[in-house]
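Structure data follow from coords04.cif (mmCIF, C-alpha atoms and all ligand atoms):
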```cif
data_run
loop_
_atom_site.label_atom_id
_atom_site.label_comp_id
_atom_site.auth_asym_id
_atom_site.auth_seq_id
_atom_site.Cartn_x
_atom_site.Cartn_y
_atom_site.Cartn_z
CA MET T 1 6.50 12.91 22.17
CA PRO T 2 4.55 10.09 23.81
CA ASN T 3 5.52 6.48 23.20
CA PRO T 4 2.23 4.87 22.28
CA GLU T 5 1.33 1.28 21.51
CA PHE T 6 -0.48 2.35 18.38
CA ALA T 7 0.87 4.71 15.75
CA ILE T 8 -2.67 5.26 14.53
CA GLU T 9 -5.90 4.32 16.22
CA VAL T 10 -9.30 5.01 14.69
CA ARG T 11 -12.67 4.01 16.04
CA ASP T 12 -15.85 3.90 13.99
CA LEU T 13 -14.61 6.55 11.60
CA ARG T 14 -17.33 7.79 9.25
CA LYS T 15 -17.38 10.28 6.43
CA THR T 16 -20.34 11.32 4.33
CA TYR T 17 -19.60 13.86 1.61
CA ALA T 18 -22.56 16.24 1.32
CA ALA T 19 -24.60 16.34 -1.87
CA THR T 20 -23.46 18.97 -4.35
CA GLY T 21 -25.35 20.00 -7.47
CA LYS T 22 -26.46 16.81 -9.18
CA MET T 23 -24.22 14.59 -7.06
CA PRO T 24 -26.04 12.84 -4.22
CA GLU T 25 -24.38 12.54 -0.84
CA LYS T 26 -21.68 9.90 -0.69
CA LYS T 27 -20.80 7.67 2.25
CA ALA T 28 -17.06 7.29 1.77
CA LEU T 29 -16.25 5.74 5.17
CA ASN T 30 -18.79 3.50 6.87
CA GLY T 31 -17.27 2.96 10.30
CA ILE T 32 -13.58 2.19 9.99
CA SER T 33 -11.86 0.88 13.10
CA LEU T 34 -8.14 0.17 12.96
CA GLN T 35 -5.27 -0.10 15.38
CA ILE T 36 -1.96 0.24 13.62
CA PRO T 37 0.82 -0.81 15.98
CA ALA T 38 3.83 1.46 16.31
CA GLY T 39 6.85 0.20 14.42
CA THR T 40 5.11 -1.68 11.62
CA ILE T 41 4.96 -1.30 7.87
CA PHE T 42 1.23 -1.40 7.42
CA GLY T 43 -0.43 -1.83 4.04
CA LEU T 44 -3.74 -0.22 3.20
CA LEU T 45 -5.15 -1.87 0.12
CA GLY T 46 -8.39 -1.31 -1.68
CA PRO T 47 -9.81 -0.66 -5.11
CA ASN T 48 -10.37 2.86 -6.41
CA GLY T 49 -13.10 4.59 -4.47
CA ALA T 50 -12.66 2.33 -1.42
CA GLY T 51 -12.06 5.32 0.85
CA LYS T 52 -8.28 5.21 1.29
CA SER T 53 -7.67 8.86 0.41
CA THR T 54 -10.57 10.00 2.57
CA PHE T 55 -9.07 8.06 5.48
CA ILE T 56 -5.63 9.58 4.95
CA ASN T 57 -6.98 13.08 4.41
CA ILE T 58 -8.93 12.95 7.67
CA LEU T 59 -5.73 12.03 9.52
CA ALA T 60 -3.83 14.78 7.72
CA GLY T 61 -6.47 17.34 8.71
CA LEU T 62 -7.54 17.99 5.11
CA VAL T 63 -11.01 16.42 5.33
CA LYS T 64 -13.39 16.80 8.25
CA LYS T 65 -14.74 13.50 9.54
CA THR T 66 -18.49 13.08 10.04
CA SER T 67 -18.10 11.03 13.22
CA GLY T 68 -15.79 8.68 15.07
CA ASN T 69 -12.42 9.08 16.74
CA ALA T 70 -8.90 9.14 15.44
CA SER T 71 -5.54 9.57 17.06
CA ILE T 72 -2.04 9.75 15.66
CA TRP T 73 0.83 8.71 17.91
CA GLY T 74 -1.55 8.76 20.85
CA LEU T 75 -2.73 12.31 20.07
CA ASP T 76 -6.43 12.82 19.40
CA ILE T 77 -6.95 14.72 16.15
CA ASP T 78 -9.80 16.79 17.68
CA ALA T 79 -8.29 17.51 21.08
CA GLU T 80 -4.73 18.05 19.83
CA PRO T 81 -4.96 18.94 16.16
CA ARG T 82 -1.54 20.60 15.84
CA GLN T 83 0.47 18.03 17.75
CA SER T 84 -1.25 15.09 16.10
CA ARG T 85 -0.54 16.51 12.65
CA ALA T 86 3.08 17.16 13.62
CA ALA T 87 3.43 13.41 14.28
CA LEU T 88 2.46 12.62 10.72
CA GLY T 89 4.21 12.95 7.37
CA VAL T 90 2.17 12.34 4.23
CA VAL T 91 3.54 11.72 0.76
CA ASN T 92 0.85 12.17 -1.88
CA GLN T 93 0.89 11.20 -5.50
CA GLU T 94 0.90 14.76 -6.71
CA VAL T 95 4.15 16.56 -7.17
CA VAL T 96 3.74 20.02 -5.70
CA ALA T 97 6.92 21.99 -5.93
CA ASP T 98 7.71 25.56 -6.74
CA PRO T 99 9.97 25.40 -9.81
CA PHE T 100 11.97 28.43 -8.71
CA PHE T 101 13.07 27.00 -5.37
CA THR T 102 15.99 24.65 -4.93
CA PRO T 103 15.41 21.37 -3.03
CA TYR T 104 17.48 22.77 -0.17
CA GLU T 105 15.38 25.93 0.06
CA MET T 106 12.15 23.98 -0.19
CA LEU T 107 13.03 21.69 2.68
CA GLU T 108 14.23 24.58 4.81
CA LEU T 109 10.94 26.36 4.14
CA MET T 110 8.96 23.27 5.18
CA ALA T 111 11.08 22.88 8.31
CA GLY T 112 10.34 26.50 9.17
CA PHE T 113 6.66 25.90 8.56
CA TYR T 114 6.74 23.04 11.07
CA GLY T 115 8.76 25.14 13.51
CA VAL T 116 11.80 22.86 13.49
CA PRO T 117 14.67 24.79 15.14
CA LYS T 118 17.66 25.42 12.83
CA ALA T 119 19.96 23.25 14.97
CA GLU T 120 17.63 20.26 14.60
CA ARG T 121 17.16 20.43 10.85
CA ARG T 122 18.45 17.53 8.76
CA THR T 123 17.99 19.05 5.32
CA VAL T 124 21.22 17.82 3.73
CA GLU T 125 21.00 14.42 5.44
CA ILE T 126 17.50 13.82 4.08
CA LEU T 127 18.37 14.98 0.56
CA THR T 128 21.46 12.77 0.52
CA ALA T 129 19.54 9.72 1.76
CA LEU T 130 17.12 10.15 -1.13
CA GLY T 131 19.88 10.48 -3.70
CA LEU T 132 19.38 14.24 -4.13
CA GLY T 133 22.51 15.42 -2.34
CA ASP T 134 24.14 16.69 -5.53
CA LYS T 135 20.92 18.41 -6.60
CA LYS T 136 20.35 20.37 -3.45
CA ASP T 137 21.11 23.69 -5.12
CA ALA T 138 19.53 22.96 -8.52
CA TYR T 139 16.23 24.56 -9.41
CA VAL T 140 13.32 22.16 -8.94
CA ARG T 141 12.30 22.72 -12.57
CA GLN T 142 15.63 21.18 -13.61
CA LEU T 143 14.90 17.91 -11.79
CA SER T 144 13.61 14.79 -13.53
CA GLY T 145 10.17 13.39 -12.67
CA GLY T 146 11.73 10.74 -10.48
CA MET T 147 13.81 13.28 -8.60
CA LYS T 148 10.72 15.40 -7.95
CA ARG T 149 9.00 12.32 -6.53
CA ARG T 150 11.89 11.77 -4.15
CA LEU T 151 11.77 15.42 -3.21
CA MET T 152 8.13 14.92 -2.16
CA VAL T 153 9.24 12.14 0.20
CA ALA T 154 11.98 14.39 1.54
CA LYS T 155 9.42 17.15 2.15
CA ALA T 156 7.29 14.83 4.28
CA LEU T 157 10.27 13.99 6.47
CA VAL T 158 11.62 17.40 7.47
CA HIS T 159 9.85 17.44 10.84
CA ASN T 160 11.02 13.90 11.62
CA PRO T 161 7.52 12.46 12.06
CA PRO T 162 7.22 9.08 13.82
CA VAL T 163 4.45 8.10 11.37
CA LEU T 164 4.81 8.32 7.61
CA ILE T 165 1.98 7.71 5.17
CA LEU T 166 2.91 6.95 1.59
CA ASP T 167 -0.14 7.26 -0.64
CA GLU T 168 0.54 5.23 -3.80
CA PRO T 169 4.12 6.46 -3.83
CA THR T 170 5.26 4.27 -6.70
CA ALA T 171 2.31 4.71 -9.07
CA GLY T 172 3.77 5.48 -12.47
CA VAL T 173 7.34 5.33 -11.20
CA ASP T 174 10.04 3.35 -12.99
CA VAL T 175 11.48 0.16 -11.52
CA GLU T 176 14.80 1.69 -10.51
CA LEU T 177 13.22 4.56 -8.59
CA ARG T 178 10.72 2.20 -7.00
CA ARG T 179 13.61 0.10 -5.64
CA LEU T 180 15.33 3.20 -4.34
CA LEU T 181 12.17 4.40 -2.60
CA TRP T 182 11.48 1.02 -1.07
CA ASP T 183 15.06 0.73 0.16
CA TYR T 184 14.67 4.09 1.84
CA VAL T 185 11.30 3.07 3.32
CA ARG T 186 12.98 0.00 4.80
CA GLU T 187 15.77 2.13 6.17
CA LEU T 188 13.32 4.55 7.80
CA HIS T 189 11.41 1.63 9.24
CA ALA T 190 14.62 0.13 10.63
CA LYS T 191 15.25 3.46 12.36
CA GLY T 192 11.83 3.26 14.03
CA THR T 193 9.42 5.13 11.75
CA THR T 194 6.01 3.54 11.41
CA ILE T 195 5.10 3.33 7.74
CA ILE T 196 1.62 3.14 6.28
CA LEU T 197 1.39 2.67 2.59
CA THR T 198 -1.38 2.43 0.11
CA THR T 199 -0.53 0.68 -3.08
CA HIS T 200 -1.99 -1.17 -6.01
CA TYR T 201 1.21 -3.14 -6.36
CA LEU T 202 0.03 -6.07 -4.34
CA GLU T 203 3.30 -7.94 -4.63
CA GLU T 204 5.04 -5.00 -3.03
CA ALA T 205 2.60 -4.91 -0.15
CA GLU T 206 3.21 -8.60 0.25
CA GLU T 207 6.95 -8.05 0.21
CA LEU T 208 7.08 -4.95 2.41
CA CYS T 209 4.15 -4.95 4.82
CA ASP T 210 3.92 -7.03 7.96
CA THR T 211 0.19 -6.36 8.31
CA ILE T 212 -2.35 -5.59 5.63
CA ALA T 213 -5.81 -4.09 5.86
CA ILE T 214 -8.12 -4.41 2.90
CA VAL T 215 -10.70 -1.67 2.55
CA ASN T 216 -13.73 -1.85 0.29
CA HIS T 217 -16.74 0.49 0.12
CA GLY T 218 -15.53 2.37 3.18
CA GLU T 219 -15.23 -0.73 5.35
CA VAL T 220 -12.34 -2.86 6.53
CA VAL T 221 -12.95 -6.30 5.05
CA ALA T 222 -9.74 -7.84 6.37
CA CYS T 223 -6.90 -6.81 8.65
CA GLU T 224 -4.35 -9.47 9.37
CA PRO T 225 -0.65 -10.22 9.43
CA THR T 226 0.40 -10.69 5.80
CA ALA T 227 1.27 -14.37 6.21
CA GLN T 228 -2.07 -15.11 7.87
CA LEU T 229 -3.96 -13.34 5.13
CA LEU T 230 -2.18 -15.45 2.55
CA SER T 231 -2.69 -18.68 4.49
CA ARG T 232 -6.44 -18.17 4.28
CA LEU T 233 -6.15 -19.62 0.85
CA ASP T 234 -5.20 -23.25 1.28
CA TYR T 235 -5.10 -24.04 -2.40
CA LYS T 236 -2.50 -24.30 -5.11
CA THR T 237 -2.56 -24.46 -8.85
CA LEU T 238 -0.68 -27.23 -10.64
CA ILE T 239 0.31 -26.36 -14.18
CA ILE T 240 1.08 -29.26 -16.47
CA VAL T 241 2.75 -28.55 -19.80
CA PRO T 242 2.04 -31.65 -21.94
CA ARG T 243 4.36 -32.89 -24.69
CA GLU T 244 1.48 -32.53 -27.13
CA PRO T 245 -0.82 -29.53 -26.58
CA LEU T 246 -4.25 -30.63 -25.29
CA THR T 247 -7.49 -29.70 -27.00
CA ALA T 248 -9.80 -30.51 -24.09
CA VAL T 249 -9.69 -31.29 -20.37
CA PRO T 250 -9.35 -35.10 -20.15
CA ALA T 251 -12.31 -36.95 -18.57
CA GLU T 252 -10.01 -38.31 -15.83
CA LEU T 253 -9.53 -34.76 -14.54
CA ALA T 254 -13.02 -33.41 -15.17
CA MET T 255 -13.97 -33.75 -11.49
CA HIS T 256 -11.24 -31.26 -10.55
CA ASP T 257 -11.09 -27.53 -11.12
CA ALA T 258 -9.06 -28.05 -14.29
CA LYS T 259 -8.78 -25.46 -17.03
CA LEU T 260 -7.26 -25.68 -20.44
CA ARG T 261 -5.00 -22.69 -21.12
CA SER T 262 -4.59 -21.08 -24.53
CA ASP T 263 -1.12 -22.59 -24.93
CA GLY T 264 -2.53 -26.11 -24.52
CA SER T 265 -1.30 -26.54 -20.94
CA LEU T 266 -3.51 -27.58 -18.09
CA ALA T 267 -4.04 -25.60 -14.86
CA ILE T 268 -5.54 -27.62 -12.03
CA THR T 269 -6.50 -25.74 -8.87
CA PHE T 270 -6.75 -27.98 -5.82
CA LYS T 271 -7.19 -27.76 -2.07
CA THR T 272 -3.88 -28.73 -0.55
CA ALA T 273 -5.62 -30.38 2.43
CA GLU T 274 -7.72 -32.62 0.20
CA THR T 275 -5.70 -33.54 -2.86
CA GLY T 276 -2.03 -34.37 -3.30
CA ILE T 277 -0.02 -33.50 -6.38
CA GLY T 278 0.88 -37.20 -6.75
CA ARG T 279 -2.78 -38.12 -7.10
CA LEU T 280 -3.29 -35.49 -9.81
CA LEU T 281 -0.22 -36.65 -11.71
CA GLU T 282 -1.44 -40.27 -11.60
CA LYS T 283 -4.69 -39.12 -13.17
CA ALA T 284 -2.84 -37.13 -15.81
CA ARG T 285 -0.79 -40.20 -16.69
CA ALA T 286 -3.90 -42.36 -16.78
CA ALA T 287 -5.31 -39.86 -19.27
CA GLY T 288 -2.26 -40.48 -21.45
CA ILE T 289 -0.72 -37.03 -20.98
CA GLY T 290 3.01 -36.98 -21.56
CA ILE T 291 4.44 -34.40 -19.18
CA ALA T 292 7.01 -31.98 -20.61
CA ASP T 293 7.08 -29.61 -17.64
CA LEU T 294 5.40 -29.00 -14.28
CA SER T 295 5.02 -26.06 -11.93
CA THR T 296 2.84 -25.01 -9.01
CA LYS T 297 1.57 -21.57 -8.08
CA SER T 298 0.54 -20.51 -4.58
CA PRO T 299 -2.17 -17.89 -4.22
CA ASP T 300 -0.82 -14.37 -3.95
CA LEU T 301 -2.29 -11.23 -2.49
CA GLU T 302 -4.06 -10.50 -5.75
CA ASP T 303 -6.09 -13.69 -5.27
CA VAL T 304 -6.93 -12.80 -1.66
CA PHE T 305 -7.89 -9.33 -2.73
CA VAL T 306 -10.16 -10.52 -5.52
CA ALA T 307 -11.76 -13.14 -3.26
CA LEU T 308 -12.49 -10.64 -0.48
CA THR T 309 -13.59 -7.63 -2.49
CA SER T 310 -15.80 -9.49 -4.94
CA GLU T 311 -18.00 -10.74 -2.13
CA LYS T 312 -19.88 -7.47 -1.91
CA ALA T 313 -21.79 -5.80 -4.68
CA PRO T 314 -20.69 -2.25 -5.56
CA ALA T 315 -22.58 0.55 -3.78
P1 LIG V 401 -9.76 5.85 -2.74
O1 LIG V 401 -8.69 6.76 -2.25
O2 LIG V 401 -9.74 4.52 -2.06
O3 LIG V 401 -9.79 5.74 -4.22
P2 LIG V 401 -11.58 8.00 -1.95
O4 LIG V 401 -11.43 8.21 -0.49
O5 LIG V 401 -10.90 8.94 -2.88
O6 LIG V 401 -11.16 6.47 -2.30
O7 LIG V 401 -13.13 8.01 -2.33
C1 LIG V 401 -14.12 7.29 -1.60
C2 LIG V 401 -15.48 7.65 -2.15
O8 LIG V 401 -15.81 9.00 -1.80
C3 LIG V 401 -15.57 7.58 -3.66
O9 LIG V 401 -16.85 7.11 -4.01
C4 LIG V 401 -15.39 9.01 -4.09
O10 LIG V 401 -16.05 9.27 -5.30
C5 LIG V 401 -16.03 9.77 -2.95
N1 LIG V 401 -15.42 11.10 -2.74
C6 LIG V 401 -14.10 11.35 -2.51
N2 LIG V 401 -13.89 12.66 -2.34
C7 LIG V 401 -15.10 13.27 -2.46
C8 LIG V 401 -15.55 14.63 -2.39
N3 LIG V 401 -14.71 15.63 -2.13
N4 LIG V 401 -16.86 14.87 -2.58
C9 LIG V 401 -17.72 13.86 -2.83
N5 LIG V 401 -17.37 12.56 -2.90
C10 LIG V 401 -16.08 12.26 -2.73
#
```
Show me, as structure tokens, the structure contained in the file I just sent.
Amino acid sequence: MPNPEFAIEVRDLRKTYAATGKMPEKKALNGISLQIPAGTIFGLLGPNGAGKSTFINILAGLVKKTSGNASIWGLDIDAEPRQSRAALGVVNQEVVADPFFTPYEMLELMAGFYGVPKAERRTVEILTALGLGDKKDAYVRQLSGGMKRRLMVAKALVHNPPVLILDEPTAGVDVELRRLLWDYVRELHAKGTTIILTTHYLEEAEELCDTIAIVNHGEVVACEPTAQLLSRLDYKTLIIVPREPLTAVPAELAMHDAKLRSDGSLAITFKTAETGIGRLLEKARAAGIGIADLSTKSPDLEDVFVALTSEKAPA
């Protein structure tokens, strides 16, 4: 295997789905260019219909691109289709498992499919790491939903791919399983696997990913280190809980972006470079507000996401 700088590199990737029946043609990817460095946990965020699945499916060899270039682990998907696909593991949302196989048999079958020699297989190791060690000989139909999910991750790992794509892996998964999956993702990452994940759980992307790309209408609207993306928003919200619930925003604070919340507290959003909290509190006191409690909120990824994706009208 080569040792490339980028785990995935795509240049001007485009996909137009042809018109079918009454459906007009659909431009799903409008020139995506991304360089995903080897060794990162990279987040791919975007609303439904943004093009994330199309992007992943092109890399996985399931959808044919219209134009552009893509390589996985330095291997061009056109010139070296087999090798490039062998460098990639994809975990989809769907659970596809034959109920009459055991997890052990299923993984062995996948390993055979990828041509992994018997001596190099890590079937038991993978199952154990995902908490399925004691279920290796159970029938898949006897596994819980969460166990089947973990089995899907195991399946994507049998050929030891240097790049792993997790497509909304925790959608509809309970908190405990989500923790377990994320712990394992971190472990894989620590061992050198490059992880790309799509998720709607923005807090998780914020917590897990070192770089985040935001995709909207088939275009990359932002691609930055997570901290940098967050620092774009140099504002905070001060929340004042008054002793007596307020009925209106006091005149002293009317010049600020102050909103009365349904519980009678006041949320004042301010640019940290322009206004200090002290100044706002002075104004609140001048307005005769007795302060029972105070807190501040920094913008999170959800705010960045909304700010960036609402700039363009839907196609
Ligand atoms: P995401 O995964 O971000 O939700 P998709 O890649 O699934 O986005 O979809 C991108 C756009 O392409 C959407 O408008 C979707 O309706 C359209 N699309 C996806 N698959 C097909 C297909 N097989 N045929 C036609 N249009 C499709």
Give me, as CSV, the closest atom pair and its distance (Å, one decimal) for every residue of region 76-186 of chain T within a cut-off of 8 Å of region 198-202 of chain T, counting all atoms listed in the file, rows sorted by chain and rising number.
```
residue,atom,partner,partner_atom,distance
T:Leu166,CA,T:Thr198,CA,6.4
T:Asp167,CA,T:Thr198,CA,5.0
T:Glu168,CA,T:Thr199,CA,4.7
T:Pro169,CA,T:Thr199,CA,7.5
T:Thr170,CA,T:Thr199,CA,7.7
T:Ala171,CA,T:Thr199,CA,7.8
```
Subject >> All residues 10 Å or closer to Gly288 (chain T), only C-alpha atoms, same chain fewer than 6 positions away omitted, as a PyMOL selection string >> reply: chain T and resi 242+250+252+282
Where does chain T meet ligand LIG 401 (chain V) within 9 Å, residue by residue, with the nearest atom pair and distance in Å to one decimal for each, counting only C-alpha atoms and all ligand atoms, listed by chain and rising number, as JSON lines?
```
{"residue": "T:Lys15", "atom": "CA", "partner": "V:LIG401", "partner_atom": "O8", "distance": 8.5}
{"residue": "T:Thr16", "atom": "CA", "partner": "V:LIG401", "partner_atom": "N5", "distance": 7.9}
{"residue": "T:Tyr17", "atom": "CA", "partner": "V:LIG401", "partner_atom": "C9", "distance": 4.8}
{"residue": "T:Ala18", "atom": "CA", "partner": "V:LIG401", "partner_atom": "C9", "distance": 6.8}
{"residue": "T:Ala19", "atom": "CA", "partner": "V:LIG401", "partner_atom": "C9", "distance": 7.4}
{"residue": "T:Thr20", "atom": "CA", "partner": "V:LIG401", "partner_atom": "C9", "distance": 7.8}
{"residue": "T:Met23", "atom": "CA", "partner": "V:LIG401", "partner_atom": "C9", "distance": 7.8}
{"residue": "T:Pro24", "atom": "CA", "partner": "V:LIG401", "partner_atom": "C9", "distance": 8.5}
{"residue": "T:Glu25", "atom": "CA", "partner": "V:LIG401", "partner_atom": "C9", "distance": 7.1}
{"residue": "T:Lys26", "atom": "CA", "partner": "V:LIG401", "partner_atom": "N5", "distance": 5.5}
{"residue": "T:Lys27", "atom": "CA", "partner": "V:LIG401", "partner_atom": "O8", "distance": 6.6}
{"residue": "T:Ala28", "atom": "CA", "partner": "V:LIG401", "partner_atom": "O8", "distance": 4.2}
{"residue": "T:Leu29", "atom": "CA", "partner": "V:LIG401", "partner_atom": "C1", "distance": 7.3}
{"residue": "T:Leu45", "atom": "CA", "partner": "V:LIG401", "partner_atom": "O2", "distance": 8.2}
{"residue": "T:Gly46", "atom": "CA", "partner": "V:LIG401", "partner_atom": "O2", "distance": 6.0}
{"residue": "T:Pro47", "atom": "CA", "partner": "V:LIG401", "partner_atom": "O2", "distance": 6.0}
{"residue": "T:Asn48", "atom": "CA", "partner": "V:LIG401", "partner_atom": "O3", "distance": 3.7}
{"residue": "T:Gly49", "atom": "CA", "partner": "V:LIG401", "partner_atom": "O6", "distance": 3.5}
{"residue": "T:Ala50", "atom": "CA", "partner": "V:LIG401", "partner_atom": "O2", "distance": 3.7}
{"residue": "T:Gly51", "atom": "CA", "partner": "V:LIG401", "partner_atom": "O4", "distance": 3.2}
{"residue": "T:Lys52", "atom": "CA", "partner": "V:LIG401", "partner_atom": "O2", "distance": 3.7}
{"residue": "T:Ser53", "atom": "CA", "partner": "V:LIG401", "partner_atom": "O1", "distance": 3.5}
{"residue": "T:Thr54", "atom": "CA", "partner": "V:LIG401", "partner_atom": "O4", "distance": 3.6}
{"residue": "T:Phe55", "atom": "CA", "partner": "V:LIG401", "partner_atom": "O4", "distance": 6.4}
{"residue": "T:Ile56", "atom": "CA", "partner": "V:LIG401", "partner_atom": "O4", "distance": 8.1}
{"residue": "T:Asn57", "atom": "CA", "partner": "V:LIG401", "partner_atom": "O4", "distance": 8.2}
{"residue": "T:Val63", "atom": "CA", "partner": "V:LIG401", "partner_atom": "N3", "distance": 8.4}
{"residue": "T:Asp167", "atom": "CA", "partner": "V:LIG401", "partner_atom": "O1", "distance": 8.7}
{"residue": "T:Thr198", "atom": "CA", "partner": "V:LIG401", "partner_atom": "O1", "distance": 8.8}
{"residue": "T:Val215", "atom": "CA", "partner": "V:LIG401", "partner_atom": "O2", "distance": 7.8}
{"residue": "T:Asn216", "atom": "CA", "partner": "V:LIG401", "partner_atom": "O2", "distance": 7.9}
{"residue": "T:His217", "atom": "CA", "partner": "V:LIG401", "partner_atom": "C1", "distance": 7.5}
{"residue": "T:Gly218", "atom": "CA", "partner": "V:LIG401", "partner_atom": "C1", "distance": 7.0}
{"residue": "T:Ala315", "atom": "CA", "partner": "V:LIG401", "partner_atom": "O9", "distance": 8.7}
```
Subject >> Close residues, Ile8 (chain T) itself excluded, 7 Å, all atoms listed in the file, min 2 positions apart in chain, as a PyMOL selection string >> reply: chain T and resi 6+10+35-36+71-73
Original post:
Mind pulling up the distance from CA of Leu44 (chain T) to CA of Ile32 (chain T)?
Top reply: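 Interatomic distance here is 12.2 Å.
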Please return the centre and edge lengths, in Å to one decimal, of a box with edges along x, y and z that contains all listed atoms of region 108-116 of chain T, widened by 6 Å on every side, as AutoDock Vina command-line options.
```
--center_x 10.4 --center_y 24.7 --center_z 8.8 --size_x 19.6 --size_y 15.6 --size_z 21.4
```
**OP:** Could you tell me how far CA of Met152 (chain T) lies from CA of Asn92 (chain T), in Å and to one decimal?
**Re:**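 Pair CA of Met152 (chain T) / CA of Asn92 (chain T) returns 7.8 Å.
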Subject >> Selected residue of minimal separation from Asp12 (chain T) among T:Ser67, T:Gln93, T:Ser144, T:Thr40, counting all atoms listed in the file >> reply: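 Of T:Ser67, T:Gln93, T:Ser144, T:Thr40, the one nearest Asp12 (chain T), counting all atoms listed in the file, is T:Ser67.
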Subject >> Exercise: region 178-195 of chain T partners within 8 Å, all atoms listed in the file, chain neighbours under 3 positions left out, as a list in words >> reply: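 Here the answer would be Ala7, Ala38, Gly39, Thr40, Ile41, Phe42, Ala129, Leu130, Arg150, Pro161, Pro162, Val163, Leu164, Ile165, Leu166, Thr170, Val173, Asp174 and Val175 of chain T.
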Original post:
How far is it from CA of Met147 (chain T) to CA of Thr128 (chain T), in Å with one decimal?
Top reply: 11.9 Å
